[in-house]
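A.B. asks: Sharing data-v8.cif (mmCIF, C-alpha atoms) below.
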data_structure
#
loop_
_atom_site.label_atom_id
_atom_site.label_comp_id
_atom_site.auth_asym_id
_atom_site.auth_seq_id
_atom_site.Cartn_x
_atom_site.Cartn_y
_atom_site.Cartn_z
CA MET D 1 32.73 -15.52 -1.29
CA ARG D 2 33.84 -13.56 1.78
CA ILE D 3 31.58 -11.02 3.52
CA GLY D 4 33.45 -8.11 1.85
CA GLU D 5 32.64 -9.47 -1.60
CA LEU D 6 28.98 -10.01 -0.61
CA SER D 7 28.92 -6.35 0.49
CA ARG D 8 30.47 -5.15 -2.79
CA ARG D 9 28.03 -7.18 -4.91
CA THR D 10 24.91 -5.96 -3.12
CA GLY D 11 25.97 -2.49 -1.98
CA VAL D 12 25.01 -3.36 1.60
CA PRO D 13 27.68 -2.30 4.16
CA VAL D 14 29.44 -5.10 6.09
CA PRO D 15 28.16 -3.92 9.54
CA THR D 16 24.59 -4.04 8.16
CA ILE D 17 25.13 -7.58 6.86
CA LYS D 18 26.46 -8.59 10.28
CA TYR D 19 23.34 -7.09 11.88
CA TYR D 20 21.08 -9.14 9.57
CA LEU D 21 23.09 -12.27 10.46
CA ARG D 22 22.59 -11.60 14.18
CA GLU D 23 18.85 -10.99 13.65
CA GLY D 24 18.51 -14.23 11.68
CA LEU D 25 17.38 -12.51 8.45
CA LEU D 26 20.36 -14.09 6.72
CA PRO D 27 21.53 -17.68 7.42
CA ALA D 28 25.08 -18.06 8.76
CA GLY D 29 27.85 -18.60 6.22
CA GLU D 30 29.92 -21.76 6.03
CA LEU D 31 32.87 -21.54 8.42
CA THR D 32 36.15 -21.90 6.51
CA SER D 33 38.28 -21.13 9.57
CA PRO D 34 37.41 -20.37 13.23
CA ASN D 35 36.81 -16.67 12.46
CA GLN D 36 36.04 -16.62 8.75
CA ALA D 37 32.88 -17.60 6.88
CA SER D 38 32.04 -18.13 3.23
CA TYR D 39 28.81 -17.01 1.57
CA GLY D 40 27.12 -18.25 -1.61
CA ASP D 41 24.58 -17.15 -4.23
CA ALA D 42 21.71 -18.06 -1.89
CA HIS D 43 23.02 -15.49 0.63
CA GLU D 44 23.29 -12.83 -2.06
CA ARG D 45 19.75 -13.52 -3.22
CA ARG D 46 18.34 -13.49 0.30
CA LEU D 47 20.19 -10.26 1.09
CA ARG D 48 18.66 -8.57 -1.97
CA LEU D 49 15.23 -9.81 -0.88
CA VAL D 50 15.69 -8.34 2.62
CA ARG D 51 16.69 -4.97 1.11
CA ALA D 52 13.70 -4.97 -1.25
CA LEU D 53 11.27 -5.74 1.58
CA LEU D 54 12.82 -2.92 3.63
CA GLU D 55 13.09 -0.31 0.89
CA VAL D 56 10.17 -0.94 -1.45
CA GLY D 57 7.88 -2.89 0.87
CA GLY D 58 8.48 -0.65 3.87
CA LEU D 59 8.45 -3.68 6.20
CA SER D 60 10.20 -3.54 9.59
CA VAL D 61 13.13 -5.83 10.41
CA ALA D 62 10.84 -7.75 12.80
CA ALA D 63 8.16 -8.23 10.12
CA ILE D 64 10.77 -9.38 7.60
CA GLY D 65 12.00 -11.94 10.12
CA GLU D 66 8.48 -13.35 10.45
CA VAL D 67 7.89 -13.44 6.70
CA LEU D 68 11.22 -15.16 6.03
CA ALA D 69 10.42 -17.71 8.74
CA ALA D 70 7.30 -18.58 6.72
CA VAL D 71 9.40 -18.82 3.54
CA ASP D 72 11.87 -21.16 5.23
CA ASP D 73 9.28 -23.29 7.03
CA GLY D 74 8.92 -26.06 4.47
CA ASP D 75 6.28 -28.14 6.30
CA GLY D 76 2.53 -28.30 5.91
CA PRO D 77 0.19 -28.17 2.91
CA VAL D 78 0.92 -25.58 0.21
CA HIS D 79 -2.28 -23.66 0.90
CA ASP D 80 -1.40 -23.27 4.60
CA LEU D 81 2.08 -22.08 3.67
CA LEU D 82 0.71 -19.49 1.22
CA GLY D 83 -1.91 -18.43 3.74
CA ALA D 84 0.67 -17.99 6.49
CA ALA D 85 2.89 -15.87 4.24
CA ALA D 86 0.00 -13.75 2.91
CA THR D 87 -1.45 -13.22 6.39
CA ARG D 88 1.88 -12.01 7.80
CA LEU D 89 1.99 -9.43 5.01
CA VAL D 90 -1.24 -7.68 6.05
CA PRO D 91 -0.43 -4.11 7.08
CA GLU D 92 -1.12 -3.30 10.73
CA TYR D 93 -3.50 -0.41 11.30
CA GLY D 94 -3.60 1.73 14.42
CA GLY D 95 -7.35 2.23 13.83
CA GLY D 96 -10.33 0.68 15.53
CA GLY D 97 -11.66 3.43 17.74
CA GLY D 98 -11.71 7.13 16.90
CA GLY D 99 -8.07 7.47 17.93
CA GLY D 100 -6.37 8.83 21.07
CA GLY D 101 -6.92 8.26 24.75
CA ALA D 102 -10.12 10.20 25.39
CA SER D 103 -13.27 8.09 25.20
CA GLY D 104 -16.40 10.18 25.61
CA SER D 105 -19.93 8.99 25.02
CA GLY D 106 -20.36 10.30 21.45
CA GLY D 107 -17.03 9.22 19.96
CA GLY D 108 -16.92 5.71 21.39
CA GLY D 109 -20.51 4.91 20.43
CA ALA D 110 -20.17 6.31 16.88
CA ALA D 111 -16.93 4.37 16.29
CA ASP D 112 -18.55 1.12 17.35
CA ALA D 113 -21.53 1.66 15.06
CA GLU D 114 -19.23 2.20 12.06
CA THR D 115 -17.27 -0.94 12.85
CA VAL D 116 -20.46 -2.99 13.21
CA LEU D 117 -21.73 -1.71 9.84
CA ALA D 118 -18.37 -2.36 8.18
CA ARG D 119 -18.21 -5.88 9.62
CA GLU D 120 -21.67 -6.72 8.28
CA ARG D 121 -20.73 -5.35 4.86
CA VAL D 122 -17.53 -7.43 4.70
CA ALA D 123 -19.37 -10.59 5.79
CA ARG D 124 -21.95 -9.99 3.02
CA LEU D 125 -19.19 -9.41 0.46
CA ILE D 126 -17.46 -12.68 1.36
CA GLU D 127 -20.76 -14.56 1.14
CA GLU D 128 -21.87 -12.99 -2.14
CA ARG D 129 -18.54 -13.62 -3.85
CA GLY D 130 -18.26 -17.10 -2.36
CA TRP D 131 -14.75 -16.39 -1.12
CA ARG D 132 -13.32 -19.26 0.91
CA ILE D 133 -12.07 -17.14 3.78
CA ALA D 134 -12.37 -17.73 7.50
CA SER D 135 -14.33 -15.06 9.40
CA GLY D 136 -11.38 -14.02 11.59
CA ASN D 137 -9.00 -13.64 8.61
CA LYS D 138 -6.51 -10.82 9.24
CA ALA D 139 -7.01 -9.25 5.82
CA ALA D 140 -10.79 -9.25 6.35
CA GLU D 141 -10.23 -7.54 9.71
CA ALA D 142 -8.01 -4.94 8.04
CA LEU D 143 -10.78 -4.34 5.49
CA VAL D 144 -13.32 -3.82 8.28
CA ALA D 145 -11.01 -1.25 9.94
CA ALA D 146 -10.43 0.60 6.64
CA LEU D 147 -14.15 0.70 5.74
CA ALA D 148 -15.10 1.88 9.23
CA SER D 149 -12.53 4.65 8.85
CA VAL D 150 -13.92 5.64 5.44
CA ARG D 151 -17.41 5.97 6.98
CA ARG D 152 -16.05 7.92 9.93
CA VAL D 153 -14.61 10.63 7.66
CA GLY D 154 -18.00 11.12 6.01
CA HIS D 155 -17.36 9.19 2.80
CA ALA D 156 -19.86 6.36 3.29
CA GLY D 157 -20.53 6.60 -0.46
CA PHE D 158 -17.06 5.19 -1.09
CA VAL D 159 -18.25 1.91 0.42
CA GLU D 160 -20.57 1.53 -2.62
CA LEU D 161 -17.45 0.96 -4.73
CA LEU D 162 -16.64 -2.16 -2.75
CA ASP D 163 -18.08 -4.62 -5.28
CA ASP D 164 -16.20 -2.99 -8.17
CA TYR D 165 -12.99 -3.01 -6.14
CA ALA D 166 -13.54 -6.66 -5.19
CA GLU D 167 -14.04 -7.55 -8.85
CA ALA D 168 -10.67 -5.93 -9.73
CA ALA D 169 -8.99 -7.46 -6.66
CA GLU D 170 -10.20 -10.92 -7.68
CA ARG D 171 -8.60 -10.42 -11.07
CA VAL D 172 -5.29 -9.33 -9.48
CA GLY D 173 -5.48 -12.21 -6.98
CA ARG D 174 -5.80 -14.68 -9.87
CA ILE D 175 -2.85 -13.06 -11.69
CA ASP D 176 -0.83 -13.36 -8.47
CA LEU D 177 -1.67 -17.01 -7.99
CA ASP D 178 -0.95 -17.86 -11.63
CA TYR D 179 2.51 -16.39 -11.18
CA VAL D 180 3.08 -18.22 -7.92
CA THR D 181 2.01 -21.62 -9.25
CA ARG D 182 4.39 -21.37 -12.21
CA ARG D 183 7.20 -21.85 -9.68
CA VAL D 184 8.22 -25.44 -9.07
CA ALA D 185 10.40 -25.44 -5.97
CA ARG D 186 8.59 -24.99 -2.69
CA GLU D 187 10.91 -22.28 -1.35
CA ASP D 188 10.59 -20.41 -4.65
CA LEU D 189 6.83 -20.67 -4.37
CA VAL D 190 6.54 -18.96 -0.99
CA GLU D 191 9.23 -16.43 -1.91
CA SER D 192 7.08 -15.60 -4.94
CA VAL D 193 4.15 -14.83 -2.67
CA VAL D 194 6.33 -12.48 -0.65
CA VAL D 195 7.74 -10.72 -3.70
CA GLY D 196 4.39 -10.66 -5.49
CA THR D 197 2.51 -9.33 -2.49
CA VAL D 198 4.91 -6.77 -1.05
CA LEU D 199 6.51 -5.51 -4.25
CA GLY D 200 3.22 -6.15 -6.09
CA ASP D 201 1.48 -3.70 -3.73
CA ALA D 202 4.05 -1.04 -4.65
CA VAL D 203 3.72 -1.82 -8.36
CA PHE D 204 -0.07 -1.77 -8.27
CA ALA D 205 -0.28 1.42 -6.18
CA ALA D 206 2.00 3.20 -8.67
CA LEU D 207 -0.02 1.92 -11.65
CA ARG D 208 -3.24 3.03 -10.01
CA ARG D 209 -1.90 6.59 -9.50
CA MET D 210 -0.86 6.66 -13.16
CA ALA D 211 -4.26 5.37 -14.30
CA GLN D 212 -5.97 8.02 -12.16
CA VAL D 213 -3.92 10.79 -13.75
CA ASP D 214 -4.79 9.42 -17.19
CA ALA D 215 -8.51 9.07 -16.36
CA SER D 216 -8.51 12.64 -15.01
CA ALA D 217 -6.77 13.94 -18.15
CA ARG D 218 -9.36 12.23 -20.36
CA THR D 219 -12.34 13.35 -18.27
CA PHE D 220 -11.31 16.96 -17.84
CA GLY D 221 -9.71 17.19 -21.28
CA GLU D 222 -6.62 19.01 -20.17
CA GLU D 223 -2.94 18.48 -20.89
CA ALA D 224 -1.19 16.32 -18.34
CA SER D 225 2.26 17.76 -18.98
CA ASP D 226 2.68 19.14 -15.47
CA VAL D 227 1.73 16.09 -13.47
CA MET M 1 -18.58 23.69 20.15
CA ARG M 2 -15.65 24.07 22.57
CA ILE M 3 -12.42 22.08 22.14
CA GLY M 4 -13.45 19.66 24.91
CA GLU M 5 -16.62 18.71 23.04
CA LEU M 6 -14.63 18.29 19.78
CA SER M 7 -12.35 15.94 21.72
CA ARG M 8 -15.27 13.95 23.13
CA ARG M 9 -16.95 13.59 19.74
CA THR M 10 -13.83 12.37 17.93
CA GLY M 11 -11.97 10.57 20.72
CA VAL M 12 -8.87 12.69 20.01
CA PRO M 13 -7.26 14.11 23.21
CA VAL M 14 -7.27 17.90 23.62
CA PRO M 15 -3.42 18.22 23.62
CA THR M 16 -3.35 16.31 20.30
CA ILE M 17 -5.96 18.65 18.80
CA LYS M 18 -3.87 21.63 19.95
CA TYR M 19 -0.82 20.08 18.27
CA TYR M 20 -2.74 19.71 14.99
CA LEU M 21 -3.87 23.35 15.27
CA ARG M 22 -0.23 24.48 15.73
CA GLU M 23 0.90 22.35 12.76
CA GLY M 24 -1.86 23.80 10.58
CA LEU M 25 -3.60 20.45 10.00
CA LEU M 26 -6.74 21.94 11.49
CA PRO M 27 -7.88 25.54 10.81
CA ALA M 28 -8.16 27.81 13.86
CA GLY M 29 -11.53 28.00 15.60
CA GLU M 30 -13.60 31.16 15.77
CA LEU M 31 -12.55 33.27 18.76
CA THR M 32 -15.49 33.82 21.10
CA SER M 33 -13.37 35.52 23.77
CA PRO M 34 -9.62 36.38 23.95
CA ASN M 35 -8.71 32.86 25.12
CA GLN M 36 -11.60 30.73 23.95
CA ALA M 37 -12.42 29.41 20.47
CA SER M 38 -15.45 27.72 18.96
CA TYR M 39 -15.29 24.81 16.49
CA GLY M 40 -17.85 23.60 13.97
CA ASP M 41 -18.77 20.52 11.96
CA ALA M 42 -16.05 21.32 9.40
CA HIS M 43 -13.43 21.01 12.17
CA GLU M 44 -14.86 17.70 13.31
CA ARG M 45 -14.83 16.36 9.75
CA ARG M 46 -11.27 17.56 9.10
CA LEU M 47 -10.09 16.08 12.40
CA ARG M 48 -11.54 12.68 11.47
CA LEU M 49 -9.81 12.90 8.08
CA VAL M 50 -6.45 13.65 9.73
CA ARG M 51 -6.85 10.64 12.03
CA ALA M 52 -7.80 8.36 9.12
CA LEU M 53 -4.78 9.46 7.07
CA LEU M 54 -2.54 8.83 10.10
CA GLU M 55 -4.02 5.52 11.21
CA VAL M 56 -5.22 3.78 8.06
CA GLY M 57 -3.12 5.60 5.48
CA GLY M 58 0.06 5.55 7.54
CA LEU M 59 0.96 9.07 6.38
CA SER M 60 3.27 11.28 8.45
CA VAL M 61 2.07 14.57 9.95
CA ALA M 62 4.24 16.42 7.39
CA ALA M 63 2.74 14.48 4.46
CA ILE M 64 -0.78 15.12 5.74
CA GLY M 65 0.01 18.83 5.91
CA GLU M 66 1.04 18.80 2.24
CA VAL M 67 -2.00 16.82 1.13
CA LEU M 68 -4.40 19.07 3.03
CA ALA M 69 -2.71 22.11 1.49
CA ALA M 70 -3.64 20.64 -1.91
CA VAL M 71 -7.21 20.05 -0.70
CA ASP M 72 -7.51 23.63 0.52
CA ASP M 73 -5.82 25.26 -2.47
CA GLY M 74 -8.89 26.08 -4.52
CA ASP M 75 -7.14 27.61 -7.55
CA GLY M 76 -6.18 26.14 -10.91
CA PRO M 77 -7.89 23.68 -13.27
CA VAL M 78 -9.52 20.61 -11.76
CA HIS M 79 -7.09 18.23 -13.44
CA ASP M 80 -4.08 20.07 -11.96
CA LEU M 81 -5.67 19.95 -8.53
CA LEU M 82 -6.34 16.22 -8.79
CA GLY M 83 -2.84 15.63 -10.14
CA ALA M 84 -1.25 17.59 -7.30
CA ALA M 85 -3.20 15.63 -4.70
CA ALA M 86 -2.53 12.23 -6.31
CA THR M 87 1.17 13.00 -6.79
CA ARG M 88 1.66 13.94 -3.15
CA LEU M 89 0.15 10.61 -2.18
CA VAL M 90 2.81 8.54 -3.97
CA PRO M 91 4.72 6.53 -1.35
CA GLU M 92 8.40 7.42 -1.01
CA TYR M 93 10.81 4.56 -1.58
CA GLY M 94 14.31 4.36 -0.18
CA GLY M 95 15.31 2.35 -3.27
CA GLY M 96 17.27 3.34 -6.33
CA GLY M 97 20.70 1.82 -5.76
CA GLY M 98 21.38 -1.51 -4.12
CA GLY M 99 21.04 0.03 -0.67
CA GLY M 100 23.59 1.08 1.95
CA GLY M 101 26.71 3.17 1.83
CA ALA M 102 29.16 0.77 0.16
CA SER M 103 29.38 1.19 -3.61
CA GLY M 104 31.55 -1.46 -5.24
CA SER M 105 31.86 -2.03 -8.95
CA GLY M 106 29.53 -5.03 -9.22
CA GLY M 107 26.62 -3.76 -7.10
CA GLY M 108 26.45 -0.24 -8.52
CA GLY M 109 26.65 -1.42 -12.15
CA ALA M 110 24.01 -4.12 -11.69
CA ALA M 111 21.62 -1.68 -9.99
CA ASP M 112 21.95 0.80 -12.83
CA ALA M 113 21.25 -1.83 -15.46
CA GLU M 114 18.06 -2.91 -13.67
CA THR M 115 16.87 0.67 -13.40
CA VAL M 116 17.56 1.31 -17.09
CA LEU M 117 15.59 -1.82 -18.07
CA ALA M 118 12.73 -0.89 -15.73
CA ARG M 119 12.62 2.66 -17.10
CA GLU M 120 12.38 1.38 -20.68
CA ARG M 121 9.61 -1.02 -19.70
CA VAL M 122 7.57 1.70 -18.00
CA ALA M 123 7.98 4.05 -20.98
CA ARG M 124 6.76 1.28 -23.29
CA LEU M 125 3.79 0.57 -21.01
CA ILE M 126 2.74 4.23 -21.01
CA GLU M 127 3.03 4.39 -24.80
CA GLU M 128 1.20 1.12 -25.45
CA ARG M 129 -1.69 2.01 -23.17
CA GLY M 130 -1.79 5.59 -24.42
CA TRP M 131 -1.73 6.93 -20.87
CA ARG M 132 -1.56 10.72 -20.77
CA ILE M 133 1.23 10.93 -18.24
CA ALA M 134 4.33 13.12 -18.23
CA SER M 135 7.64 11.23 -18.33
CA GLY M 136 8.86 12.56 -14.95
CA ASN M 137 5.59 11.67 -13.18
CA LYS M 138 6.26 10.67 -9.56
CA ALA M 139 4.08 7.56 -9.71
CA ALA M 140 5.89 6.43 -12.87
CA GLU M 141 9.22 6.93 -11.06
CA ALA M 142 7.95 4.88 -8.12
CA LEU M 143 6.97 2.13 -10.57
CA VAL M 144 10.47 2.17 -12.09
CA ALA M 145 12.01 1.80 -8.60
CA ALA M 146 9.66 -1.06 -7.68
CA LEU M 147 10.26 -2.96 -10.95
CA ALA M 148 14.04 -2.52 -10.68
CA SER M 149 13.82 -3.94 -7.17
CA VAL M 150 11.75 -6.91 -8.38
CA ARG M 151 14.43 -7.70 -10.98
CA ARG M 152 17.21 -7.29 -8.43
CA VAL M 153 15.73 -10.00 -6.19
CA GLY M 154 15.71 -12.44 -9.11
CA HIS M 155 12.00 -12.26 -9.99
CA ALA M 156 12.28 -10.71 -13.45
CA GLY M 157 9.39 -13.01 -14.47
CA PHE M 158 7.09 -10.94 -12.26
CA VAL M 159 7.58 -8.04 -14.67
CA GLU M 160 5.66 -10.08 -17.28
CA LEU M 161 2.53 -9.53 -15.18
CA LEU M 162 2.79 -5.79 -15.71
CA ASP M 163 0.23 -5.63 -18.53
CA ASP M 164 -2.32 -7.64 -16.56
CA TYR M 165 -1.73 -5.45 -13.52
CA ALA M 166 -2.06 -2.31 -15.64
CA GLU M 167 -5.37 -3.59 -17.03
CA ALA M 168 -6.72 -4.06 -13.49
CA ALA M 169 -5.25 -0.72 -12.35
CA GLU M 170 -6.97 1.05 -15.23
CA ARG M 171 -10.26 -0.44 -14.10
CA VAL M 172 -9.68 0.71 -10.50
CA GLY M 173 -8.52 4.15 -11.72
CA ARG M 174 -11.80 4.56 -13.61
CA ILE M 175 -13.82 3.47 -10.56
CA ASP M 176 -11.88 6.04 -8.50
CA LEU M 177 -12.50 8.86 -10.95
CA ASP M 178 -16.20 8.01 -11.30
CA TYR M 179 -16.51 8.32 -7.54
CA VAL M 180 -14.60 11.58 -7.48
CA THR M 181 -16.61 13.23 -10.25
CA ARG M 182 -19.89 12.45 -8.52
CA ARG M 183 -18.89 15.10 -5.98
CA VAL M 184 -20.06 18.61 -6.76
CA ALA M 185 -18.14 20.95 -4.47
CA ARG M 186 -14.50 21.52 -5.31
CA GLU M 187 -13.20 20.91 -1.79
CA ASP M 188 -15.26 17.72 -1.63
CA LEU M 189 -13.76 16.66 -4.95
CA VAL M 190 -10.14 16.86 -3.86
CA GLU M 191 -10.96 15.40 -0.45
CA SER M 192 -12.50 12.47 -2.32
CA VAL M 193 -9.21 11.90 -4.12
CA VAL M 194 -7.39 11.84 -0.80
CA VAL M 195 -9.87 9.48 0.82
CA GLY M 196 -10.17 7.32 -2.28
CA THR M 197 -6.45 7.04 -2.80
CA VAL M 198 -5.13 6.60 0.73
CA LEU M 199 -8.00 4.63 2.24
CA GLY M 200 -8.63 3.02 -1.16
CA ASP M 201 -5.08 1.60 -1.09
CA ALA M 202 -5.81 0.00 2.28
CA VAL M 203 -9.17 -1.33 1.08
CA PHE M 204 -7.72 -2.73 -2.14
CA ALA M 205 -4.68 -4.30 -0.45
CA ALA M 206 -6.97 -6.09 2.02
CA LEU M 207 -9.29 -7.28 -0.78
CA ARG M 208 -6.31 -8.54 -2.76
CA ARG M 209 -5.05 -10.61 0.21
CA MET M 210 -8.54 -12.07 0.61
CA ALA M 211 -8.77 -12.87 -3.11
CA GLN M 212 -5.34 -14.54 -2.95
CA VAL M 213 -6.43 -16.75 -0.07
CA ASP M 214 -9.58 -17.68 -1.99
CA ALA M 215 -7.66 -18.38 -5.23
CA SER M 216 -5.19 -20.52 -3.28
CA ALA M 217 -8.02 -22.45 -1.60
CA ARG M 218 -9.64 -23.14 -5.00
CA THR M 219 -6.36 -24.11 -6.67
CA PHE M 220 -5.04 -26.36 -3.96
CA GLY M 221 -8.47 -27.62 -2.97
CA GLU M 222 -7.95 -27.40 0.76
CA GLU M 223 -10.08 -26.01 3.54
CA ALA M 224 -9.32 -22.39 4.37
CA SER M 225 -10.58 -22.56 7.93
CA ASP M 226 -7.18 -21.81 9.44
CA VAL M 227 -6.21 -18.80 7.37
#
Show me, as structure tokens, the structure contained in the file I just sent.
C.D. replies:
Amino acid sequence: MRIGELSRRTGVPVPTIKYYLREGLLPAGELTSPNQASYGDAHERRLRLVRALLEVGGLSVAAIGEVLAAVDDGDGPVHDLLGAAATRLVPEYGGGGGGGGASGSGGGGAADAETVLARERVARLIEERGWRIASGNKAAEALVAALASVRRVGHAGFVELLDDYAEAAERVGRIDLDYVTRRVAREDLVESVVVGTVLGDAVFAALRRMAQVDASARTFGEEASDV
Amino acid sequence: MRIGELSRRTGVPVPTIKYYLREGLLPAGELTSPNQASYGDAHERRLRLVRALLEVGGLSVAAIGEVLAAVDDGDGPVHDLLGAAATRLVPEYGGGGGGGGASGSGGGGAADAETVLARERVARLIEERGWRIASGNKAAEALVAALASVRRVGHAGFVELLDDYAEAAERVGRIDLDYVTRRVAREDLVESVVVGTVLGDAVFAALRRMAQVDASARTFGEEASDV
């Protein structure tokens, strides 16, 4: 099909498609004449994936480029490929210290203590659950930053939920992998990780909000008609 | 304490604190002279919460203002208060249609069909699980948008995982509510929802990535030292 038809099918404007082509998010079409290219179903599918990662996943164009590079990089063992895709999908946090530019004695010291505590807790969690994860894993680092932040806002008690959360996360992780391994083709497999992780986050976050509303309705015995 | 001390303790620069005061994210200090104010532990705690929502939660200043308004609004039944806080924490998706400005026959029609299917599926899920959730609930709408997007990228099979996901989400929702109801004070209670939901999302997403890496390592039997 021509670029105009690709635009009509997906609802993505032609200039936007051309921008994705320039950025490498979409492979070039097949040249049918010096200034005309033809696009196929694979282009349509990839274009829909890019839009989903942008709109539902909230990923930046740069992050999508990195993730798609992992999808398209067909070399290496399957586990490495999955790991590379999953690791590139870890959200980046600004966190770490207490925040802005000022770094007085109290703030800096307190922030470090929280991070040290969080790091110890995460290391213990990985050991206790027997998770096969390297110590510098990006997701583990993100967990340390989030837990340190939870402590910093005075909700250290929330950290006690970590084992229950990990139990539920293990269950979801197994569901995710079952889905992924049902795929046969290698490209499909990594694409499944991307879809399952990014869109799966959105799906799970929405389900969790709904479950919270339901749990609150049951606990406090009130009608939920207004929320 | 004076604003300089508040800055030192939290690591947030004085001009940033003044900006939060103007935006209403932080209540005004107690005036000790016509141009000098004093701040207490409550200010320090609130300031840390604002930074955590910005840095770990990725919320905008406007969204934080809305959420804190729910925390500070002490009226109404507990369930309404929790619902209001949880609903304001639902991520906004650009989704809905296929994307950009173009709206051809194929794209628009296909997008509508996916949304209709997703809406039916979510309604069935709510009924089957007996969740006490209103039909227009914002989280349910976000779920519809995410599922429609999953179908649009050719991963309709992922929707089959919905029941398993919902089972795990119910478990996490109960953990969340147990934590929240341990709190006695009303302000603490709603603040717990905010912390538990926003920082809890970050914690759970990180745990899920780690569990995926572990599940992949077990399934494909390879060393995980590099991821």
A.B. asks: Which residue, M:Ala62, M:Val195, M:Leu47, M:Ala70, has the smallest gap to Gly11 (chain M) when you use only C-alpha atoms?
C.D. replies: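 Residue with the minimum atom-to-atom distance to Gly11 (chain M): M:Leu47.
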A.B. asks: Quick check on the file I pasted: which residues fall under the PyMOL selection byres ((chain D and resi 32-40) around 10)? Write them as an mmCIF file with C-alpha atoms, keeping the file's coordinate frame.
C.D. replies:
data_model
loop_
_atom_site.group_PDB
_atom_site.id
_atom_site.type_symbol
_atom_site.label_atom_id
_atom_site.label_comp_id
_atom_site.auth_asym_id
_atom_site.auth_seq_id
_atom_site.Cartn_x
_atom_site.Cartn_y
_atom_site.Cartn_z
ATOM 1 C CA MET D 1 32.730 -15.520 -1.290
ATOM 2 C CA ARG D 2 33.840 -13.560 1.780
ATOM 3 C CA ILE D 3 31.580 -11.020 3.520
ATOM 4 C CA GLU D 5 32.640 -9.470 -1.600
ATOM 5 C CA LEU D 6 28.980 -10.010 -0.610
ATOM 6 C CA PRO D 27 21.530 -17.680 7.420
ATOM 7 C CA ALA D 28 25.080 -18.060 8.760
ATOM 8 C CA GLY D 29 27.850 -18.600 6.220
ATOM 9 C CA GLU D 30 29.920 -21.760 6.030
ATOM 10 C CA LEU D 31 32.870 -21.540 8.420
ATOM 11 C CA ASP D 41 24.580 -17.150 -4.230
ATOM 12 C CA ALA D 42 21.710 -18.060 -1.890
ATOM 13 C CA HIS D 43 23.020 -15.490 0.630
ATOM 14 C CA GLU D 44 23.290 -12.830 -2.060
ATOM 15 C CA ARG D 45 19.750 -13.520 -3.220
#
A.B. asks: When you draw a straight line from CA of Thr10 (chain M) to CA of Arg46 (chain M), how long is it in Å?
C.D. replies: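 Those two atoms sit 10.6 Å apart.
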A.B. asks: Name the residues within 9 Å of (2.4, -16.7, -16.4), counting all atoms listed in the file in the file's coordinates, and put them as number ranges by chain.
C.D. replies: D: 175, 178-182; M: 157-158, 160-161
A.B. asks: Selection from above, C-alpha atoms, as a PDB file, in the coordinates of the input, can you write it?
C.D. replies:
ATOM      1  CA  ILE D 175      -2.850 -13.060 -11.690  1.00  0.00           C
ATOM      2  CA  ASP D 178      -0.950 -17.860 -11.630  1.00  0.00           C
ATOM      3  CA  TYR D 179       2.510 -16.390 -11.180  1.00  0.00           C
ATOM      4  CA  VAL D 180       3.080 -18.220  -7.920  1.00  0.00           C
ATOM      5  CA  THR D 181       2.010 -21.620  -9.250  1.00  0.00           C
ATOM      6  CA  ARG D 182       4.390 -21.370 -12.210  1.00  0.00           C
TER       7      ARG D 182
ATOM      8  CA  GLY M 157       9.390 -13.010 -14.470  1.00  0.00           C
ATOM      9  CA  PHE M 158       7.090 -10.940 -12.260  1.00  0.00           C
ATOM     10  CA  GLU M 160       5.660 -10.080 -17.280  1.00  0.00           C
ATOM     11  CA  LEU M 161       2.530  -9.530 -15.180  1.00  0.00           C
TER      12      LEU M 161
END
A.B. asks: In Å, rounded to a single decimal, give me how far CA of Ala139 (chain M) is from CA of Val56 (chain D).
C.D. replies: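 Here the two named atoms are 13.3 Å from each other.
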A.B. asks: May I ask which of the residues M:Val159, M:Ile126, M:Val61, M:Val144 is the closest one to Asp112 (chain M), counting only C-alpha atoms?
C.D. replies: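 Residue with the minimum atom-to-atom distance to Asp112 (chain M): M:Val144.
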A.B. asks: Could you check which of D:Ala69, D:Ala113, D:Leu53, D:Val172 is closest to Ser149 (chain M), using only C-alpha atoms?
C.D. replies: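 Ranked by minimum distance to Ser149 (chain M), first place goes to D:Leu53.
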A.B. asks: Could you check the closest approach to chain D for each of M:Arg9, M:Leu162, M:Leu125, M:Gly200 and tell me which residue wins, using all atoms listed in the file?
C.D. replies: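 Among the listed residues, M:Arg9 lies closest to chain D.
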A.B. asks: At what distance in Å, to one decimal, does CA of Arg209 (chain M) lie from CA of Ala52 (chain M)?
C.D. replies: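 These two atoms are separated by 21.1 Å.
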A.B. asks: Could you check the closest approach to Asp201 (chain D) for each of M:Ile17, M:Val50, M:Leu147, M:Ile64 and tell me which residue wins, using all atoms listed in the file?
C.D. replies: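 Using all atoms listed in the file, Asp201 (chain D) sits closest to M:Leu147.
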A.B. asks: Enclose the full set of atoms of region 115-132 of chain D listed in the file within a box whose edges lie along x, y and z, apply 3 Å of padding to each of the six sides, and report centre and edge lengths in Å to one decimal as AutoDock Vina command-line options.
C.D. replies:
--center_x -17.6 --center_y -10.1 --center_z 4.7 --size_x 14.6 --size_y 24.3 --size_z 23.1
A.B. asks: Name the closest residue to His155 (chain M) among the candidates D:Ala202, D:Leu25, D:Val67, D:Leu49; distances are taken between atoms, counting all atoms listed in the file.
C.D. replies: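 Closest to His155 (chain M) of all the choices is D:Leu49.
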A.B. asks: The PyMOL selection byres ((chain D and resi 215) around 12) on the file shown: which residues, as a PyMOL selection string?
C.D. replies: (chain D and resi 208-214+216-224) or (chain M and resi 79+82-83+129-133+169-181)
